[in-house]
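Here is data07.cif, consisting of mmCIF, C-alpha atoms and all ligand atoms:
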```
data_start
loop_
_atom_site.label_atom_id
_atom_site.label_comp_id
_atom_site.auth_asym_id
_atom_site.auth_seq_id
_atom_site.Cartn_x
_atom_site.Cartn_y
_atom_site.Cartn_z
CA MET W 73 -11.85 14.32 -11.38
CA ILE W 74 -13.51 14.13 -14.75
CA THR W 75 -17.29 14.04 -14.79
CA ARG W 76 -19.86 13.48 -17.51
CA GLN W 77 -21.07 17.11 -17.48
CA LEU W 78 -17.60 18.58 -18.01
CA PRO W 79 -17.05 20.05 -21.49
CA MET W 80 -14.76 17.63 -23.32
CA TYR W 81 -12.35 20.36 -24.39
CA ARG W 82 -11.64 21.02 -20.72
CA VAL W 83 -10.55 17.41 -20.27
CA VAL W 84 -7.82 18.04 -22.81
CA THR W 85 -6.85 21.56 -21.77
CA ASP W 86 -6.69 20.61 -18.09
CA HIS W 87 -5.08 17.20 -18.55
CA PRO W 88 -3.08 17.05 -21.78
CA GLN W 89 -1.50 13.80 -20.55
CA LEU W 90 -4.84 12.16 -21.40
CA LEU W 91 -4.40 12.81 -25.13
CA PRO W 92 -3.05 9.32 -25.87
CA LEU W 93 -6.38 7.90 -24.65
CA PHE W 94 -8.45 9.60 -27.33
CA PRO W 95 -7.46 7.52 -30.35
CA ARG W 96 -8.14 4.39 -28.28
CA PHE W 97 -11.76 5.44 -28.02
CA ASN W 98 -11.81 6.67 -31.60
CA LEU W 99 -12.45 10.20 -30.38
CA LYS W 100 -11.25 13.01 -32.62
CA LEU W 101 -10.72 16.59 -31.49
CA GLY W 102 -12.96 19.49 -32.48
CA PHE W 103 -15.28 19.11 -29.50
CA GLY W 104 -16.75 22.60 -29.43
CA GLU W 105 -18.73 23.00 -26.22
CA LYS W 106 -20.01 19.43 -26.07
CA SER W 107 -19.90 17.65 -22.73
CA VAL W 108 -17.98 14.45 -22.10
CA GLU W 109 -21.27 12.59 -22.14
CA GLN W 110 -22.39 14.11 -25.45
CA VAL W 111 -19.09 13.44 -27.20
CA CYS W 112 -19.06 9.83 -26.02
CA LYS W 113 -22.66 9.36 -27.10
CA ASP W 114 -21.94 10.80 -30.56
CA HIS W 115 -19.09 8.33 -31.02
CA GLY W 116 -20.80 5.30 -29.53
CA VAL W 117 -18.44 5.19 -26.55
CA ASN W 118 -19.64 3.93 -23.17
CA VAL W 119 -19.30 7.12 -21.12
CA ASP W 120 -18.96 5.38 -17.76
CA PHE W 121 -16.15 3.26 -19.11
CA PHE W 122 -14.41 6.33 -20.54
CA LEU W 123 -14.70 8.13 -17.19
CA GLU W 124 -13.36 5.14 -15.31
CA ILE W 125 -10.33 4.79 -17.58
CA ALA W 126 -9.60 8.52 -17.73
CA ASN W 127 -9.84 9.00 -13.99
CA ALA W 128 -7.72 5.94 -13.36
CA TYR W 129 -5.10 7.36 -15.72
CA LEU W 130 -5.04 10.65 -13.80
CA ASP W 131 -4.99 9.26 -10.28
CA GLU W 132 -1.66 7.72 -9.51
CA LEU W 133 -3.12 5.92 -6.53
CA TYR W 134 -6.04 4.43 -8.34
CA VAL W 135 -5.86 0.70 -8.65
CA PRO W 136 -8.44 -0.34 -11.20
CA GLY W 137 -10.64 -3.12 -10.03
CA GLU W 138 -13.95 -2.36 -8.47
CA GLY W 139 -14.96 0.42 -10.85
CA LEU W 140 -14.17 -1.63 -13.91
CA SER W 141 -16.06 -4.67 -12.72
CA PHE W 142 -19.36 -3.21 -13.96
CA PHE W 143 -18.41 -3.46 -17.61
CA SER W 144 -18.54 -6.52 -19.79
CA LEU W 145 -15.30 -8.36 -20.46
CA GLY W 146 -15.89 -7.50 -24.12
CA THR W 147 -15.64 -3.77 -23.32
CA VAL W 148 -12.41 -4.32 -21.39
CA VAL W 149 -10.98 -6.52 -24.15
CA ASN W 150 -11.75 -3.90 -26.78
CA TYR W 151 -9.96 -1.28 -24.78
CA ILE W 152 -6.94 -3.54 -24.33
CA LEU W 153 -6.87 -4.24 -28.07
CA SER W 154 -6.95 -0.58 -29.02
CA THR W 155 -4.27 0.19 -26.45
CA HIS W 156 -2.11 -2.45 -28.11
CA ASN W 157 -2.69 -0.77 -31.46
CA TYR W 158 -1.67 2.55 -29.97
CA TYR W 159 1.60 1.02 -28.75
CA MET W 160 2.39 -0.74 -32.00
CA ASP W 161 1.37 2.00 -34.43
CA ILE W 162 2.16 5.18 -32.55
CA ALA W 163 4.03 5.03 -29.28
CA LEU W 164 6.75 2.51 -30.04
CA PRO W 165 7.61 3.69 -33.59
CA GLY W 166 7.58 7.30 -32.31
CA VAL W 167 10.14 6.72 -29.60
CA GLU W 168 12.17 4.44 -31.87
CA GLU W 169 12.51 7.15 -34.49
CA LYS W 170 13.64 9.67 -31.91
CA ILE W 171 16.19 7.25 -30.48
CA HIS W 172 17.67 6.69 -33.93
CA LEU W 173 17.82 10.44 -34.56
CA LEU W 174 19.49 10.92 -31.20
CA MET W 175 22.08 8.26 -32.00
CA ASP W 176 22.73 9.62 -35.48
CA GLY W 177 23.53 13.08 -34.22
CA SER W 178 25.52 11.94 -31.20
CA ALA W 179 29.22 11.68 -30.51
CA LEU W 180 28.79 8.17 -29.11
CA SER W 181 31.21 5.44 -30.13
CA GLU W 182 30.07 2.80 -32.56
CA LYS W 183 29.83 0.24 -29.78
CA GLU W 184 27.78 2.51 -27.58
CA ILE W 185 25.37 3.14 -30.42
CA ALA W 186 25.19 -0.58 -31.12
CA LEU W 187 24.42 -1.19 -27.45
CA VAL W 188 21.44 1.16 -27.52
CA THR W 189 20.03 0.20 -30.92
CA GLY W 190 20.57 -3.52 -30.30
CA PHE W 191 18.81 -3.17 -26.98
CA PHE W 192 15.86 -1.38 -28.50
CA ASN W 193 15.56 -3.87 -31.37
CA ASP W 194 15.47 -6.82 -28.98
CA TYR W 195 12.99 -4.98 -26.81
CA LYS W 196 10.77 -4.42 -29.81
CA LYS W 197 10.83 -8.14 -30.59
CA ASP W 198 9.85 -9.03 -27.02
CA PHE W 199 7.16 -6.36 -27.10
CA LEU W 200 5.72 -7.69 -30.33
CA ALA W 201 5.72 -11.24 -28.99
CA HIS W 202 3.97 -10.11 -25.81
CA ILE W 203 1.26 -8.23 -27.69
CA SER W 204 0.62 -10.90 -30.30
CA GLN W 205 0.35 -13.61 -27.64
CA GLU W 206 -2.38 -11.53 -26.01
CA ASP W 207 -4.10 -10.49 -29.24
CA GLN W 208 -4.10 -13.93 -30.79
CA HIS W 209 -4.57 -16.23 -27.83
CA ILE W 210 -5.52 -14.61 -24.55
CA LEU W 211 -8.08 -12.02 -25.62
CA PRO W 212 -9.97 -14.32 -28.03
CA TYR W 213 -10.08 -16.88 -25.24
CA VAL W 214 -11.57 -14.28 -22.87
CA LEU W 215 -14.23 -13.34 -25.41
CA GLU W 216 -15.12 -16.96 -25.98
CA LEU W 217 -15.30 -17.56 -22.24
CA GLU W 218 -17.70 -14.67 -21.83
CA ARG W 219 -19.81 -15.91 -24.73
CA GLN W 220 -19.95 -19.40 -23.27
CA SER W 221 -21.07 -18.00 -19.93
CA THR W 222 -24.15 -16.51 -21.57
CA LEU W 223 -25.18 -19.81 -23.13
CA GLU W 224 -27.70 -21.97 -21.41
CA ARG W 225 -25.33 -24.89 -21.58
CA THR W 226 -21.56 -24.57 -21.91
CA ASP W 227 -20.13 -26.28 -24.96
CA PRO W 228 -18.67 -29.61 -23.68
CA GLU W 229 -15.57 -29.17 -25.81
CA PHE W 230 -14.92 -25.77 -24.27
CA LEU W 231 -15.50 -27.20 -20.83
CA GLN W 232 -12.93 -29.88 -21.59
CA LYS W 233 -10.42 -27.19 -22.51
CA LEU W 234 -11.22 -25.30 -19.31
CA ARG W 235 -10.29 -28.33 -17.22
CA SER W 236 -6.73 -28.23 -18.50
CA TYR W 237 -6.21 -24.49 -19.00
CA SER W 238 -6.65 -21.46 -16.80
CA ILE W 239 -5.87 -17.78 -17.25
CA ARG W 240 -3.65 -18.19 -14.17
CA GLU W 241 -1.07 -19.86 -16.43
CA PHE W 242 -0.90 -16.69 -18.46
CA GLU W 243 -0.64 -14.65 -15.27
CA LYS W 244 2.51 -16.54 -14.27
CA GLU W 245 4.37 -15.70 -17.46
CA HIS W 246 2.93 -12.21 -17.92
CA ASP W 247 6.09 -10.05 -18.16
CA ARG W 248 6.34 -6.38 -17.23
CA LEU W 249 7.03 -4.45 -20.42
CA GLU W 250 8.02 -1.21 -18.72
CA THR W 251 11.09 -2.54 -16.91
CA SER W 252 13.38 -2.50 -19.94
CA LEU W 253 12.32 1.04 -20.84
CA GLU W 254 13.23 2.15 -17.35
CA HIS W 255 16.64 0.54 -17.81
CA LEU W 256 17.06 2.42 -21.09
CA SER W 257 16.22 5.74 -19.43
CA THR W 258 18.68 5.01 -16.64
CA LEU W 259 21.34 4.13 -19.19
CA ILE W 260 20.89 7.50 -20.88
CA ILE W 261 20.66 9.51 -17.68
CA LYS W 262 23.48 7.88 -15.76
CA TYR W 263 25.86 5.93 -17.92
CA LEU W 264 26.12 7.12 -21.50
CA PRO W 265 28.21 10.20 -22.33
CA PRO W 266 26.03 13.34 -22.51
CA PHE W 267 24.22 14.15 -25.74
CA ASP W 268 24.76 17.48 -27.48
CA ASP W 269 21.17 17.66 -28.66
CA LEU W 270 19.69 18.23 -25.24
CA GLN W 271 16.26 19.02 -26.64
CA LEU W 272 15.97 15.72 -28.47
CA CYS W 273 17.44 13.81 -25.56
CA HIS W 274 14.80 15.25 -23.24
CA GLN W 275 12.08 14.35 -25.73
CA VAL W 276 13.30 10.77 -25.74
CA LEU W 277 13.30 10.66 -21.94
CA ASN W 278 9.84 12.23 -21.81
CA ASP W 279 8.49 9.74 -24.35
CA LEU W 280 10.01 6.85 -22.43
CA ALA W 281 8.55 8.08 -19.14
CA ALA W 282 5.10 8.53 -20.70
CA LEU W 283 5.22 5.07 -22.22
CA VAL W 284 6.35 3.54 -18.93
CA LYS W 285 3.42 5.14 -17.16
CA ASP W 286 1.02 3.98 -19.84
CA LEU W 287 2.36 0.43 -19.70
CA VAL W 288 2.00 0.31 -15.93
CA ASP W 289 -1.64 1.37 -16.20
CA HIS W 290 -2.17 -1.14 -18.98
CA ALA W 291 -0.66 -4.00 -17.01
CA ASP W 292 -2.90 -3.01 -14.10
CA VAL W 293 -5.96 -3.39 -16.29
CA GLU W 294 -4.74 -6.81 -17.40
CA ASP W 295 -3.51 -8.07 -14.03
CA LYS W 296 -6.01 -6.52 -11.68
CA VAL W 297 -9.17 -6.41 -13.77
CA LEU W 298 -9.00 -8.89 -16.60
CA ILE W 299 -7.26 -11.86 -14.99
CA PRO W 300 -9.24 -11.94 -11.72
CA ARG W 301 -12.55 -11.59 -13.53
CA VAL W 302 -11.64 -14.26 -16.06
CA ALA W 303 -10.49 -16.61 -13.31
CA GLU W 304 -13.76 -16.05 -11.50
CA LEU W 305 -15.75 -16.82 -14.61
CA GLU W 306 -13.69 -19.96 -15.26
CA GLU W 307 -14.51 -21.19 -11.77
CA LYS W 308 -18.15 -20.43 -12.28
CA LEU W 309 -18.39 -22.33 -15.54
CA LEU W 310 -16.52 -25.32 -14.15
CA ASN W 311 -18.77 -25.47 -11.12
CA THR W 312 -22.07 -25.10 -12.91
CA PRO W 313 -23.78 -28.46 -12.93
CA PHE W 314 -25.20 -29.65 -16.22
CA PRO W 315 -28.85 -28.78 -16.47
CA GLY W 316 -30.75 -31.94 -15.73
CA MET C 280 6.46 -6.79 -1.80
CA ARG C 281 5.84 -6.88 1.93
CA ARG C 282 2.91 -4.75 3.03
CA SER C 283 3.07 -2.40 6.00
CA GLY C 284 0.48 -3.00 8.70
CA PHE C 285 -1.50 0.05 9.79
CA ILE C 286 -3.90 0.50 12.65
CA LEU C 287 -6.19 3.50 12.94
CA ALA C 288 -7.25 4.98 16.26
CA ILE C 289 -9.48 7.90 15.41
CA ASP C 290 -12.56 8.90 17.39
CA SER C 291 -14.38 10.66 14.55
CA TYR C 292 -16.10 8.05 12.42
CA LEU C 293 -16.02 10.25 9.32
CA VAL C 294 -12.34 11.06 9.64
CA ARG C 295 -11.54 7.42 10.27
CA LYS C 296 -13.42 6.25 7.19
CA GLY C 297 -11.85 9.02 5.11
CA MET C 298 -8.41 7.83 6.20
CA VAL C 299 -9.35 4.23 5.37
CA SER C 300 -10.36 5.26 1.87
CA ILE C 301 -7.06 7.05 1.28
CA LEU C 302 -5.02 4.11 2.57
CA ASN C 303 -7.03 1.62 0.55
CA ARG C 304 -5.99 3.35 -2.62
CA MET C 305 -2.30 3.12 -1.82
CA ASN C 306 -0.14 0.12 -2.56
CA GLY C 307 1.75 -1.79 0.09
CA ILE C 308 -0.62 -1.10 2.96
CA ALA C 309 -2.71 -3.46 5.04
CA ILE C 310 -5.18 -2.00 7.53
CA LEU C 311 -5.03 -4.35 10.50
CA LYS C 312 -7.61 -2.79 12.79
CA GLU C 313 -9.64 0.35 13.48
CA PHE C 314 -10.39 1.81 16.89
CA GLY C 315 -12.61 4.66 18.05
CA THR C 316 -11.44 4.80 21.67
CA ALA C 317 -8.20 4.44 23.62
CA GLU C 318 -8.82 1.32 25.77
CA PRO C 319 -9.08 -1.36 23.06
CA LEU C 320 -6.12 0.23 21.28
CA ILE C 321 -3.97 -0.07 24.37
CA SER C 322 -4.78 -3.73 24.92
CA TYR C 323 -4.27 -4.46 21.21
CA LEU C 324 -0.84 -2.85 21.13
CA LYS C 325 0.29 -4.82 24.16
CA ASN C 326 -0.06 -8.04 22.20
CA GLN C 327 0.37 -7.20 18.54
CA SER C 328 3.11 -5.63 16.53
CA VAL C 329 2.28 -3.06 13.87
CA ASP C 330 4.23 -0.90 11.47
CA PHE C 331 2.28 2.32 11.82
CA ILE C 332 -0.43 3.81 14.01
CA ILE C 333 -2.51 6.70 12.78
CA ILE C 334 -4.02 8.28 15.85
CA SER C 335 -6.16 11.29 16.64
CA GLN C 336 -4.96 13.85 19.16
CA SER C 337 -7.54 12.99 21.82
CA ILE C 338 -6.89 9.24 21.75
CA PHE C 339 -3.19 9.96 21.72
CA ASP C 340 -3.58 12.12 24.85
CA ASN C 341 -5.65 9.41 26.53
CA SER C 342 -3.04 6.75 25.93
CA ALA C 343 0.06 8.86 26.47
CA ASP C 344 1.42 6.47 29.13
CA LEU C 345 1.52 3.69 26.61
CA PHE C 346 3.54 5.71 24.13
CA ILE C 347 6.00 6.77 26.81
CA ASN C 348 6.46 3.28 28.20
CA TYR C 349 6.77 1.26 25.03
CA PRO C 350 10.08 1.91 23.32
CA GLY C 351 9.88 2.45 19.58
CA LEU C 352 6.15 3.07 19.52
CA LEU C 353 6.45 6.80 19.01
CA GLU C 354 8.46 6.31 15.83
CA LYS C 355 5.54 4.39 14.39
CA THR C 356 2.99 7.02 15.29
CA ILE C 357 1.33 9.40 12.87
CA LEU C 358 -0.60 12.02 14.80
CA LEU C 359 -3.73 13.54 13.32
CA LYS C 360 -3.92 17.18 14.30
CA GLU C 361 -6.63 19.77 14.00
CA GLY C 362 -6.36 22.49 11.39
CA HIS C 363 -3.70 23.26 8.81
CA SER C 364 -0.03 22.49 8.99
CA GLY C 365 1.88 25.43 10.38
CA LYS C 366 -1.01 26.43 12.64
CA GLU C 367 -0.31 23.95 15.39
CA THR C 368 -2.88 23.43 18.09
CA PRO C 369 -1.02 22.34 21.19
CA GLY C 370 -2.12 19.00 22.56
CA ASP C 371 -2.40 18.17 26.24
CA SER C 372 0.59 15.92 26.30
CA ASN C 373 4.12 17.16 26.08
CA ILE C 374 5.37 14.19 24.12
CA GLN C 375 5.77 14.55 20.37
CA ALA C 376 4.88 12.05 17.72
CA TYR C 377 7.31 11.63 14.86
CA THR C 378 4.99 12.55 12.02
CA SER C 379 1.79 14.49 11.97
CA ILE C 380 -1.01 14.95 9.51
CA HIS C 381 -3.36 17.90 9.71
CA LEU C 382 -7.05 17.48 9.15
CA MET C 383 -7.22 20.32 6.66
CA GLU C 384 -4.40 19.05 4.51
CA GLU C 385 -4.93 18.14 0.87
CA LYS C 386 -5.16 14.46 -0.01
CA GLU C 387 -1.95 14.67 -2.05
CA LYS C 388 0.01 16.00 0.89
CA ILE C 389 -1.32 13.28 3.19
CA VAL C 390 -0.47 10.60 0.66
CA TRP C 391 2.98 12.09 0.17
CA LYS C 392 3.68 11.97 3.91
CA ILE C 393 2.55 8.36 4.22
CA ARG C 394 4.57 7.37 1.16
CA GLY C 395 7.63 8.91 2.78
CA LEU C 396 7.12 6.78 5.87
CA LEU C 397 6.64 3.64 3.81
CA ASP C 398 9.87 4.34 1.95
CA GLN C 399 11.76 4.74 5.21
CA ASN C 400 10.28 1.50 6.43
CA ALA C 401 11.27 -0.38 3.28
CA PRO C 402 14.48 -2.41 3.37
CA LYS C 403 17.27 -0.27 1.97
CA LYS C 404 18.40 -1.02 -1.54
CA ILE C 405 22.05 -1.79 -1.93
CA GLU C 406 24.07 0.08 -4.53
CA VAL C 407 25.20 -3.00 -6.40
CA HIS C 408 21.89 -4.58 -7.12
CA THR C 409 22.54 -8.29 -7.07
CA ALA C 410 20.07 -9.26 -4.37
CA GLU C 411 18.07 -11.22 -6.90
CA LEU C 412 21.09 -13.00 -8.36
CA SER C 413 23.48 -15.44 -6.74
CA PRO C 414 27.22 -14.65 -6.92
CA ARG C 415 27.60 -17.30 -9.62
CA GLU C 416 24.78 -15.79 -11.63
CA THR C 417 26.32 -12.35 -11.22
CA THR C 418 29.60 -13.65 -12.62
CA ILE C 419 27.79 -15.20 -15.55
CA ILE C 420 25.78 -12.08 -16.37
CA ARG C 421 29.08 -10.15 -16.39
CA LEU C 422 30.61 -12.52 -18.90
CA VAL C 423 27.46 -12.53 -21.03
CA SER C 424 27.61 -8.72 -21.07
CA MET C 425 31.21 -8.86 -22.29
CA GLY C 426 29.99 -10.85 -25.28
CA LEU C 427 31.19 -14.31 -24.31
CA THR C 428 29.28 -17.30 -25.65
CA ASN C 429 27.96 -20.02 -23.37
CA ARG C 430 30.84 -22.25 -24.50
CA GLN C 431 33.44 -19.61 -23.64
CA ILE C 432 31.82 -18.97 -20.27
CA ALA C 433 31.79 -22.70 -19.53
CA ASP C 434 35.52 -22.97 -20.31
CA LYS C 435 36.38 -19.94 -18.25
CA LEU C 436 34.47 -21.09 -15.17
CA PHE C 437 35.25 -24.81 -15.56
CA LEU C 438 31.59 -25.64 -15.89
CA SER C 439 29.74 -27.77 -18.38
CA ALA C 440 27.91 -25.94 -21.15
CA HIS C 441 24.75 -27.49 -19.79
CA THR C 442 25.29 -25.90 -16.37
CA VAL C 443 25.87 -22.51 -17.94
CA MET C 444 22.64 -22.90 -19.88
CA THR C 445 20.78 -23.71 -16.67
CA HIS C 446 22.22 -20.60 -15.01
CA ARG C 447 21.24 -18.48 -18.00
CA LYS C 448 17.71 -19.83 -17.83
CA ASN C 449 17.47 -19.07 -14.12
CA ILE C 450 18.80 -15.55 -14.63
CA SER C 451 16.28 -14.85 -17.38
CA GLY C 452 13.52 -16.30 -15.24
CA LYS C 453 14.40 -14.14 -12.25
CA LEU C 454 14.83 -10.91 -14.19
CA GLY C 455 12.27 -11.44 -16.93
CA ILE C 456 14.96 -10.56 -19.47
CA LYS C 457 15.93 -13.00 -22.20
CA SER C 458 18.07 -11.16 -24.72
CA VAL C 459 21.82 -10.60 -24.38
CA SER C 460 21.34 -6.87 -24.97
CA GLY C 461 18.70 -6.74 -22.25
CA LEU C 462 20.96 -8.54 -19.79
CA THR C 463 23.86 -6.26 -20.71
CA VAL C 464 21.91 -3.09 -20.03
CA TYR C 465 20.55 -4.61 -16.83
CA ALA C 466 24.13 -5.33 -15.73
CA ILE C 467 25.21 -1.76 -16.50
CA VAL C 468 22.37 0.00 -14.72
CA ASN C 469 22.78 -2.26 -11.71
CA ASN C 470 26.51 -1.63 -11.52
CA ILE C 471 27.47 -5.23 -12.16
CA ILE C 472 29.66 -4.11 -15.03
CA THR C 473 30.81 -0.72 -16.31
CA ILE C 474 29.79 0.60 -19.68
CA GLU C 475 33.49 0.87 -20.56
CA GLU C 476 33.98 -2.84 -19.96
CA VAL C 477 31.09 -3.53 -22.30
CA THR C 478 31.98 -1.15 -25.10
CA SER C 479 35.78 -1.13 -25.12
CA LYS C 480 36.18 -4.90 -25.12
CA PRO C 481 37.38 -6.23 -28.48
CA ALA C 482 34.89 -8.63 -30.06
CA GLN C 483 35.44 -12.19 -28.85
FE FE W 501 -1.47 -6.00 -23.13
FE FE W 502 0.27 -7.64 -21.15
#
```
Is it possible to give me this structure as structure tokens?
Ligand SMILES: [Fe+2]
Ligand SMILES: [Fe+2]
Amino acid sequence: MITRQLPMYRVVTDHPQLLPLFPRFNLKLGFGEKSVEQVCKDHGVNVDFFLEIANAYLDELYVPGEGLSFFSLGTVVNYILSTHNYYMDIALPGVEEKIHLLMDGSALSEKEIALVTGFFNDYKKDFLAHISQEDQHILPYVLELERQSTLERTDPEFLQKLRSYSIREFEKEHDRLETSLEHLSTLIIKYLPPFDDLQLCHQVLNDLAALVKDLVDHADVEDKVLIPRVAELEEKLLNTPFPG
Amino acid sequence: MRRSGFILAIDSYLVRKGMVSILNRMNGIAILKEFGTAEPLISYLKNQSVDFIIISQSIFDNSADLFINYPGLLEKTILLKEGHSGKETPGDSNIQAYTSIHLMEEKEKIVWKIRGLLDQNAPKKIEVHTAELSPRETTIIRLVSMGLTNRQIADKLFLSAHTVMTHRKNISGKLGIKSVSGLTVYAIVNNIITIEEVTSKPAQ
């Protein structure tokens, strides 16, 4: 369990699997002896939110929900956005490069290589579409909804839109991004001929597993925190009578 | 996913609430009822079916008759014992519950044991994973994986191109996979087609 008094360097030395979280909060290394609280304060990060996310990431059983309900939707949206950036700029290109290297140095047939690279390319397209739908439509909508809820009187035009749209529509078509990566791992582990470069192959499998875990956590934040809270707020706005 | 129904029969309030908090953090579990004594538990079990009972040693001893007389109940029982695992404290009864948890055990170990039970309780997965797909859809995903176009599939199966399209849409909807490459890898890892069939086939 990570607490606010813990020196930040201990968070990293004890739980290196948390490293991918740091760029999302714009936290750079070089912590010295500063506590979690101090580091967060220095970087303008909400320490409670950081603790909630970090502990959720560590605890396999943790289903985010209650703990994250104390933060504004804006805070949650920002975190989702920076997680998306991490996927697009770091995680996905990183594993892609390794997969290409693995293919280049392998004894696989041309068709087997085409199967893997074609699969990954199509996956990347789906991934990009998923993220940009959220970045360009869903998350701005959530921010606007939260803004409207703070106004004395909801904008009638927005209210009109609310009557015909709900976040529940997004929920229905919200795909799981990790499934295909699990298929890819299984393909490598069970069905493709063995790779000579065992080291690289293991790195690819490790990267895939880490990304799968990250995506599961991410989808939890979207499905179990964002969507229910947005749906609740939608209800609330629709049921607020006009001030007389 | 279907959730497994748990009831808790534990006399210590603190232990009971501790167990509730562990179970609440696990997926696939519904806590149906909590009891602190044997009598209400016995009358509950006579009328209701449950998947698992977590029970403390003393309540277990006080309702031993029930567990002997009702077939199958013992298999659902998780006995909470005093102390650490390995250092067994003999209970009064001579009947044995299937699984036991010790009060001094680490959370991870407790969770691991319960997970194991849930897995046993889950319907067994079949090797060829086509449960989600109809036989027709399975045939179509095979042909798609071999690189056939919708037109070619339609000709082969004596269907209209429109029908094939509808099947393709349903398959993608069920699996959440749209691309041909995604469907192909799905078919391989679910043993619908072999990788040799996919890669050795001359281009159509
Ligand atoms: Fe997302
Ligand atoms: Fe998403």
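Closest approach to chain W among C:Leu427, C:Ile310, C:Leu412, C:Leu302: C:Leu302, based on only C-alpha atoms.
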> Near chain C, which residues of chain W fall within 10 Å when you count all atoms listed in the file, and what do they look like as a ChimeraX atom specification?
Replying inline: /W:131-136,181-195,197-198,245-249,251-252,254-260,262-264
Preceding selection exported with C-alpha atoms as an mmCIF file, in the frame of the given file:
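The resulting file, result.cif, is shown below:
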```
data_model
loop_
_atom_site.group_PDB
_atom_site.id
_atom_site.type_symbol
_atom_site.label_atom_id
_atom_site.label_comp_id
_atom_site.auth_asym_id
_atom_site.auth_seq_id
_atom_site.Cartn_x
_atom_site.Cartn_y
_atom_site.Cartn_z
ATOM 1 C CA ASP W 131 -4.990 9.260 -10.280
ATOM 2 C CA GLU W 132 -1.660 7.720 -9.510
ATOM 3 C CA LEU W 133 -3.120 5.920 -6.530
ATOM 4 C CA TYR W 134 -6.040 4.430 -8.340
ATOM 5 C CA VAL W 135 -5.860 0.700 -8.650
ATOM 6 C CA PRO W 136 -8.440 -0.340 -11.200
ATOM 7 C CA SER W 181 31.210 5.440 -30.130
ATOM 8 C CA GLU W 182 30.070 2.800 -32.560
ATOM 9 C CA LYS W 183 29.830 0.240 -29.780
ATOM 10 C CA GLU W 184 27.780 2.510 -27.580
ATOM 11 C CA ILE W 185 25.370 3.140 -30.420
ATOM 12 C CA ALA W 186 25.190 -0.580 -31.120
ATOM 13 C CA LEU W 187 24.420 -1.190 -27.450
ATOM 14 C CA VAL W 188 21.440 1.160 -27.520
ATOM 15 C CA THR W 189 20.030 0.200 -30.920
ATOM 16 C CA GLY W 190 20.570 -3.520 -30.300
ATOM 17 C CA PHE W 191 18.810 -3.170 -26.980
ATOM 18 C CA PHE W 192 15.860 -1.380 -28.500
ATOM 19 C CA ASN W 193 15.560 -3.870 -31.370
ATOM 20 C CA ASP W 194 15.470 -6.820 -28.980
ATOM 21 C CA TYR W 195 12.990 -4.980 -26.810
ATOM 22 C CA LYS W 197 10.830 -8.140 -30.590
ATOM 23 C CA ASP W 198 9.850 -9.030 -27.020
ATOM 24 C CA GLU W 245 4.370 -15.700 -17.460
ATOM 25 C CA HIS W 246 2.930 -12.210 -17.920
ATOM 26 C CA ASP W 247 6.090 -10.050 -18.160
ATOM 27 C CA ARG W 248 6.340 -6.380 -17.230
ATOM 28 C CA LEU W 249 7.030 -4.450 -20.420
ATOM 29 C CA THR W 251 11.090 -2.540 -16.910
ATOM 30 C CA SER W 252 13.380 -2.500 -19.940
ATOM 31 C CA GLU W 254 13.230 2.150 -17.350
ATOM 32 C CA HIS W 255 16.640 0.540 -17.810
ATOM 33 C CA LEU W 256 17.060 2.420 -21.090
ATOM 34 C CA SER W 257 16.220 5.740 -19.430
ATOM 35 C CA THR W 258 18.680 5.010 -16.640
ATOM 36 C CA LEU W 259 21.340 4.130 -19.190
ATOM 37 C CA ILE W 260 20.890 7.500 -20.880
ATOM 38 C CA LYS W 262 23.480 7.880 -15.760
ATOM 39 C CA TYR W 263 25.860 5.930 -17.920
ATOM 40 C CA LEU W 264 26.120 7.120 -21.500
#
```
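Across W:Gln271, W:Asn118, W:Thr155, W:Ser236, the tightest approach to ligand FE 502 (chain W) is made by W:Thr155 when counting only C-alpha atoms and all ligand atoms.
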> Would you name the residues within 12 Å of ligand FE 502 (chain W), counting all atoms listed in the file, and put them as a ChimeraX atom specification?
Replying inline: /W:149,152-153,155-156,159,198-207,209-211,242-250,286-296,298-299
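The space separating CA of Ile389 in chain C from CA of Ile125 in chain W comes to 24.2 Å.
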